[in-house]
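Next comes my_file_17.cif, with mmCIF, N, CA and C atoms.
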```cif
data_entry
#
loop_
_atom_site.label_atom_id
_atom_site.label_comp_id
_atom_site.auth_asym_id
_atom_site.auth_seq_id
_atom_site.Cartn_x
_atom_site.Cartn_y
_atom_site.Cartn_z
N MET K 1 118.41 108.66 142.06
CA MET K 1 119.07 107.78 141.09
C MET K 1 118.75 106.32 141.40
N TYR K 2 118.77 105.97 142.69
CA TYR K 2 118.51 104.58 143.08
C TYR K 2 117.10 104.19 142.65
N ARG K 3 116.13 105.05 142.86
CA ARG K 3 114.74 104.75 142.52
C ARG K 3 114.59 104.50 141.02
N LYS K 4 115.25 105.31 140.21
CA LYS K 4 115.18 105.15 138.75
C LYS K 4 115.76 103.79 138.35
N ALA K 5 116.89 103.43 138.91
CA ALA K 5 117.51 102.14 138.60
C ALA K 5 116.60 100.98 139.03
N GLU K 6 115.95 101.16 140.17
CA GLU K 6 115.04 100.12 140.67
C GLU K 6 113.85 99.95 139.71
N ILE K 7 113.32 101.04 139.23
CA ILE K 7 112.19 100.99 138.30
C ILE K 7 112.61 100.31 136.99
N ILE K 8 113.77 100.70 136.48
CA ILE K 8 114.26 100.10 135.23
C ILE K 8 114.49 98.60 135.43
N GLN K 9 115.08 98.23 136.56
CA GLN K 9 115.31 96.82 136.84
C GLN K 9 114.00 96.05 136.90
N THR K 10 113.02 96.61 137.55
CA THR K 10 111.71 95.96 137.67
C THR K 10 111.07 95.79 136.29
N MET K 11 111.15 96.85 135.49
CA MET K 11 110.56 96.79 134.15
C MET K 11 111.26 95.73 133.30
N CYS K 12 112.59 95.71 133.33
CA CYS K 12 113.35 94.72 132.55
C CYS K 12 113.03 93.31 133.02
N SER K 13 112.96 93.14 134.32
CA SER K 13 112.67 91.82 134.88
C SER K 13 111.28 91.35 134.45
N PHE K 14 110.28 92.23 134.55
CA PHE K 14 108.92 91.89 134.14
C PHE K 14 108.88 91.54 132.66
N TYR K 15 109.53 92.37 131.85
CA TYR K 15 109.54 92.13 130.41
C TYR K 15 110.16 90.77 130.08
N LEU K 16 111.29 90.47 130.69
CA LEU K 16 111.96 89.20 130.41
C LEU K 16 111.12 88.01 130.86
N LYS K 17 110.45 88.12 132.00
CA LYS K 17 109.59 87.03 132.47
C LYS K 17 108.45 86.80 131.50
N GLU K 18 107.83 87.89 131.04
CA GLU K 18 106.72 87.76 130.08
C GLU K 18 107.19 87.17 128.76
N ARG K 19 108.35 87.62 128.30
CA ARG K 19 108.90 87.11 127.03
C ARG K 19 109.20 85.61 127.15
N ARG K 20 109.73 85.19 128.28
CA ARG K 20 110.07 83.77 128.46
C ARG K 20 108.82 82.91 128.41
N LYS K 21 107.70 83.42 128.92
CA LYS K 21 106.45 82.67 128.89
C LYS K 21 106.01 82.39 127.45
N ASN K 22 106.19 83.39 126.60
CA ASN K 22 105.69 83.31 125.22
C ASN K 22 106.76 82.93 124.20
N LEU K 23 107.98 82.73 124.64
CA LEU K 23 109.07 82.49 123.72
C LEU K 23 109.01 81.09 123.12
N LYS K 24 108.82 81.04 121.83
CA LYS K 24 108.78 79.77 121.12
C LYS K 24 109.73 79.78 119.93
N ALA K 25 110.47 80.85 119.80
CA ALA K 25 111.40 81.03 118.69
C ALA K 25 110.68 80.94 117.35
N GLN K 26 109.42 81.32 117.33
CA GLN K 26 108.64 81.23 116.11
C GLN K 26 109.19 82.13 115.01
N ALA K 27 109.60 83.33 115.37
CA ALA K 27 110.14 84.25 114.37
C ALA K 27 111.39 83.66 113.72
N ILE K 28 112.24 83.04 114.52
CA ILE K 28 113.45 82.43 113.98
C ILE K 28 113.09 81.27 113.07
N LYS K 29 112.13 80.44 113.49
CA LYS K 29 111.70 79.32 112.66
C LYS K 29 111.09 79.80 111.35
N ASP K 30 110.28 80.85 111.43
CA ASP K 30 109.66 81.39 110.22
C ASP K 30 110.70 81.93 109.24
N LEU K 31 111.72 82.60 109.77
CA LEU K 31 112.80 83.08 108.89
C LEU K 31 113.53 81.91 108.24
N PHE K 32 113.82 80.90 109.04
CA PHE K 32 114.57 79.74 108.54
C PHE K 32 113.78 78.99 107.47
N THR K 33 112.49 78.80 107.69
CA THR K 33 111.68 78.01 106.75
C THR K 33 111.14 78.82 105.59
N GLY K 34 111.43 80.12 105.58
CA GLY K 34 110.99 80.95 104.46
C GLY K 34 109.55 81.42 104.57
N LYS K 35 108.95 81.31 105.76
CA LYS K 35 107.57 81.77 105.94
C LYS K 35 107.52 83.27 106.20
N SER K 36 108.63 83.84 106.59
CA SER K 36 108.68 85.26 106.92
C SER K 36 109.63 85.97 105.98
N PHE K 37 109.15 87.07 105.42
CA PHE K 37 109.97 87.90 104.53
C PHE K 37 109.88 89.34 105.01
N PRO K 38 110.65 89.71 106.05
CA PRO K 38 110.54 91.06 106.59
C PRO K 38 110.74 92.15 105.55
N CYS K 39 111.60 91.91 104.59
CA CYS K 39 111.87 92.94 103.58
C CYS K 39 110.68 93.17 102.67
N GLU K 40 109.75 92.23 102.60
CA GLU K 40 108.58 92.39 101.75
C GLU K 40 107.38 92.93 102.52
N ALA K 41 107.53 93.09 103.80
CA ALA K 41 106.41 93.53 104.63
C ALA K 41 106.61 94.96 105.14
N VAL K 42 107.20 95.79 104.31
CA VAL K 42 107.52 97.13 104.76
C VAL K 42 106.58 98.20 104.23
N ALA K 43 105.60 97.86 103.44
CA ALA K 43 104.68 98.86 102.92
C ALA K 43 103.85 99.42 104.06
N PRO K 44 103.95 100.72 104.29
CA PRO K 44 103.20 101.32 105.39
C PRO K 44 101.69 101.22 105.19
N ALA K 45 100.98 101.15 106.29
CA ALA K 45 99.52 101.11 106.24
C ALA K 45 98.95 102.52 106.21
N ASP K 46 99.78 103.51 106.41
CA ASP K 46 99.35 104.90 106.46
C ASP K 46 98.73 105.32 105.12
N LYS K 47 97.55 105.89 105.18
CA LYS K 47 96.84 106.32 103.97
C LYS K 47 97.63 107.38 103.21
N GLU K 48 98.34 108.23 103.94
CA GLU K 48 99.12 109.29 103.29
C GLU K 48 100.20 108.70 102.39
N TYR K 49 100.81 107.59 102.80
CA TYR K 49 101.81 106.91 101.98
C TYR K 49 101.22 106.49 100.65
N TRP K 50 100.06 105.85 100.70
CA TRP K 50 99.44 105.37 99.47
C TRP K 50 98.96 106.51 98.59
N LYS K 51 98.51 107.59 99.22
CA LYS K 51 98.09 108.77 98.46
C LYS K 51 99.29 109.34 97.70
N LEU K 52 100.40 109.53 98.40
CA LEU K 52 101.61 110.07 97.77
C LEU K 52 102.12 109.14 96.67
N LEU K 53 102.07 107.86 96.92
CA LEU K 53 102.54 106.89 95.92
C LEU K 53 101.69 106.96 94.66
N ASN K 54 100.39 107.01 94.82
CA ASN K 54 99.49 107.10 93.66
C ASN K 54 99.66 108.41 92.92
N GLU K 55 99.78 109.51 93.66
CA GLU K 55 99.97 110.81 93.02
C GLU K 55 101.27 110.85 92.23
N SER K 56 102.34 110.34 92.81
CA SER K 56 103.62 110.36 92.11
C SER K 56 103.58 109.48 90.86
N HIS K 57 102.89 108.36 90.94
CA HIS K 57 102.75 107.48 89.78
C HIS K 57 101.98 108.19 88.66
N GLN K 58 100.89 108.84 89.02
CA GLN K 58 100.09 109.55 88.02
C GLN K 58 100.88 110.70 87.39
N GLU K 59 101.61 111.45 88.20
CA GLU K 59 102.43 112.55 87.69
C GLU K 59 103.53 112.04 86.77
N LEU K 60 104.12 110.92 87.14
CA LEU K 60 105.17 110.34 86.31
C LEU K 60 104.61 109.91 84.96
N GLU K 61 103.45 109.27 84.97
CA GLU K 61 102.84 108.82 83.71
C GLU K 61 102.48 110.02 82.84
N GLN K 62 101.98 111.09 83.44
CA GLN K 62 101.66 112.30 82.68
C GLN K 62 102.91 112.90 82.06
N PHE K 63 103.97 112.94 82.85
CA PHE K 63 105.23 113.49 82.35
C PHE K 63 105.79 112.64 81.22
N LYS K 64 105.76 111.32 81.40
CA LYS K 64 106.28 110.41 80.37
C LYS K 64 105.50 110.53 79.06
N SER K 65 104.22 110.83 79.15
CA SER K 65 103.41 110.94 77.94
C SER K 65 103.85 112.12 77.08
N LYS K 66 104.55 113.07 77.68
CA LYS K 66 105.04 114.24 76.95
C LYS K 66 106.42 114.00 76.32
N LEU K 67 107.03 112.88 76.68
CA LEU K 67 108.37 112.57 76.19
C LEU K 67 108.30 111.69 74.95
N SER K 68 109.40 111.68 74.23
CA SER K 68 109.50 110.73 73.12
C SER K 68 109.63 109.33 73.70
N PRO K 69 109.32 108.30 72.93
CA PRO K 69 109.47 106.92 73.46
C PRO K 69 110.88 106.64 73.99
N GLU K 70 111.89 107.16 73.28
CA GLU K 70 113.27 106.94 73.72
C GLU K 70 113.55 107.63 75.05
N ASP K 71 113.08 108.87 75.17
CA ASP K 71 113.29 109.59 76.43
C ASP K 71 112.49 108.94 77.57
N GLY K 72 111.31 108.43 77.27
CA GLY K 72 110.51 107.73 78.27
C GLY K 72 111.22 106.49 78.79
N GLU K 73 111.85 105.74 77.86
CA GLU K 73 112.61 104.55 78.26
C GLU K 73 113.82 104.95 79.10
N ARG K 74 114.48 106.04 78.70
CA ARG K 74 115.65 106.50 79.44
C ARG K 74 115.25 106.92 80.86
N LEU K 75 114.13 107.61 80.97
CA LEU K 75 113.63 108.00 82.29
C LEU K 75 113.35 106.77 83.15
N GLU K 76 112.75 105.74 82.56
CA GLU K 76 112.50 104.49 83.29
C GLU K 76 113.80 103.86 83.78
N GLU K 77 114.82 103.89 82.95
CA GLU K 77 116.12 103.34 83.34
C GLU K 77 116.70 104.10 84.54
N ILE K 78 116.58 105.42 84.51
CA ILE K 78 117.08 106.24 85.61
C ILE K 78 116.31 105.94 86.89
N ILE K 79 114.99 105.84 86.78
CA ILE K 79 114.16 105.54 87.95
C ILE K 79 114.50 104.17 88.51
N ASN K 80 114.70 103.19 87.62
CA ASN K 80 115.05 101.84 88.08
C ASN K 80 116.38 101.81 88.81
N LYS K 81 117.36 102.57 88.31
CA LYS K 81 118.66 102.65 88.99
C LYS K 81 118.50 103.27 90.37
N ARG K 82 117.67 104.30 90.47
CA ARG K 82 117.44 104.94 91.77
C ARG K 82 116.76 103.97 92.74
N GLN K 83 115.82 103.17 92.23
CA GLN K 83 115.17 102.18 93.08
C GLN K 83 116.14 101.10 93.52
N ASP K 84 117.04 100.71 92.64
CA ASP K 84 118.07 99.74 93.02
C ASP K 84 118.96 100.29 94.13
N ALA K 85 119.34 101.56 94.01
CA ALA K 85 120.16 102.19 95.04
C ALA K 85 119.38 102.30 96.35
N LEU K 86 118.11 102.62 96.25
CA LEU K 86 117.26 102.73 97.43
C LEU K 86 117.19 101.39 98.18
N HIS K 87 117.18 100.30 97.43
CA HIS K 87 117.18 98.97 98.06
C HIS K 87 118.38 98.81 98.99
N PHE K 88 119.55 99.27 98.55
CA PHE K 88 120.75 99.18 99.39
C PHE K 88 120.60 100.05 100.65
N GLU K 89 120.01 101.24 100.48
CA GLU K 89 119.81 102.12 101.62
C GLU K 89 118.87 101.48 102.64
N ILE K 90 117.77 100.92 102.17
CA ILE K 90 116.80 100.29 103.07
C ILE K 90 117.41 99.07 103.75
N SER K 91 118.16 98.29 103.00
CA SER K 91 118.82 97.11 103.57
C SER K 91 119.79 97.53 104.67
N GLU K 92 120.56 98.58 104.44
CA GLU K 92 121.51 99.05 105.45
C GLU K 92 120.78 99.60 106.67
N ALA K 93 119.68 100.32 106.45
CA ALA K 93 118.91 100.85 107.57
C ALA K 93 118.33 99.71 108.41
N PHE K 94 117.84 98.67 107.75
CA PHE K 94 117.31 97.51 108.47
C PHE K 94 118.42 96.85 109.29
N THR K 95 119.57 96.64 108.66
CA THR K 95 120.69 95.99 109.34
C THR K 95 121.12 96.79 110.56
N GLN K 96 121.27 98.10 110.40
CA GLN K 96 121.68 98.94 111.53
C GLN K 96 120.62 98.98 112.61
N GLY K 97 119.35 99.03 112.21
CA GLY K 97 118.27 99.04 113.19
C GLY K 97 118.20 97.74 113.96
N TYR K 98 118.37 96.63 113.26
CA TYR K 98 118.35 95.33 113.91
C TYR K 98 119.52 95.21 114.89
N ALA K 99 120.70 95.65 114.44
CA ALA K 99 121.88 95.58 115.31
C ALA K 99 121.68 96.45 116.56
N LEU K 100 121.08 97.62 116.38
CA LEU K 100 120.82 98.49 117.53
C LEU K 100 119.83 97.83 118.48
N GLY K 101 118.81 97.18 117.94
CA GLY K 101 117.84 96.47 118.78
C GLY K 101 118.50 95.38 119.60
N VAL K 102 119.39 94.63 118.96
CA VAL K 102 120.12 93.57 119.68
C VAL K 102 121.01 94.19 120.75
N GLN K 103 121.69 95.28 120.41
CA GLN K 103 122.56 95.94 121.37
C GLN K 103 121.76 96.45 122.57
N LEU K 104 120.61 97.07 122.32
CA LEU K 104 119.78 97.56 123.42
C LEU K 104 119.29 96.41 124.31
N THR K 105 118.91 95.32 123.67
CA THR K 105 118.46 94.16 124.43
C THR K 105 119.58 93.61 125.30
N ALA K 106 120.77 93.51 124.72
CA ALA K 106 121.92 93.01 125.48
C ALA K 106 122.24 93.93 126.65
N GLU K 107 122.21 95.24 126.40
CA GLU K 107 122.50 96.18 127.47
C GLU K 107 121.46 96.10 128.58
N ALA K 108 120.20 95.96 128.21
CA ALA K 108 119.14 95.83 129.23
C ALA K 108 119.36 94.57 130.06
N PHE K 109 119.71 93.49 129.39
CA PHE K 109 119.95 92.24 130.10
C PHE K 109 121.15 92.38 131.03
N LEU K 110 122.23 92.95 130.52
CA LEU K 110 123.43 93.12 131.35
C LEU K 110 123.18 94.07 132.50
N PHE K 111 122.41 95.13 132.24
CA PHE K 111 122.04 96.07 133.31
C PHE K 111 121.27 95.34 134.40
N ASN K 112 120.34 94.53 133.98
CA ASN K 112 119.52 93.76 134.92
C ASN K 112 120.40 92.80 135.72
N GLN K 113 121.30 92.11 135.05
CA GLN K 113 122.20 91.17 135.73
C GLN K 113 123.11 91.89 136.71
N ALA K 114 123.66 93.05 136.30
CA ALA K 114 124.58 93.78 137.17
C ALA K 114 123.85 94.26 138.43
N HIS K 115 122.61 94.69 138.28
CA HIS K 115 121.89 95.16 139.45
C HIS K 115 121.42 94.02 140.34
N LYS K 116 121.18 92.87 139.77
CA LYS K 116 120.87 91.70 140.60
C LYS K 116 122.06 91.36 141.49
N GLU K 117 123.25 91.36 140.87
CA GLU K 117 124.45 91.05 141.61
C GLU K 117 124.72 92.12 142.67
N GLU K 118 124.46 93.39 142.32
CA GLU K 118 124.70 94.50 143.24
C GLU K 118 123.79 94.39 144.46
N PHE K 119 122.54 94.02 144.24
CA PHE K 119 121.60 93.92 145.33
C PHE K 119 121.79 92.64 146.14
N ASN K 120 122.39 91.63 145.54
CA ASN K 120 122.63 90.36 146.26
C ASN K 120 123.90 90.41 147.09
N ASP K 121 124.78 91.38 146.83
CA ASP K 121 126.04 91.48 147.59
C ASP K 121 125.84 92.08 148.95
#
```

Is it possible to give me this structure as structure tokens?
Amino acid sequence: MYRKAEIIQTMCSFYLKERRKNLKAQAIKDLFTGKSFPCEAVAPADKEYWKLLNESHQELEQFKSKLSPEDGERLEEIINKRQDALHFEISEAFTQGYALGVQLTAEAFLFNQAHKEEFND
């Protein structure tokens, strides 16, 4: 158990030292000045994502061509409502993920501090 704690402490210490060297708060500045839009940078680079997206679009257009104009418009309204709801889901997932990241960072820092104090006593 002691060895594992020592390894974790060493890793946390190394990580924090490296982060301090490069820390310029650029991400915070970019968010503040509007240069960064994390919510707009979520499109995956995975080819499978784009393949599925294109296929679903083509299938939807084929299906809509079989509908009356009124039914096609109604289908679009339903899809738009689902996309609006999905926005809330993605926003909540981002918020929870960000909060978890902050919590993990805080715990790692506190763990590191507690073990420094333990070894200094």

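The space separating atom N of K:Ala108 from atom N of K:Lys29 comes to 22.9 Å.
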
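Between atom N of K:Phe88 and atom N of K:Asp71 there is a distance of 26.1 Å.
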
From atom C of K:Ser36 to atom N of K:Phe109 the spacing works out at 26.6 Å
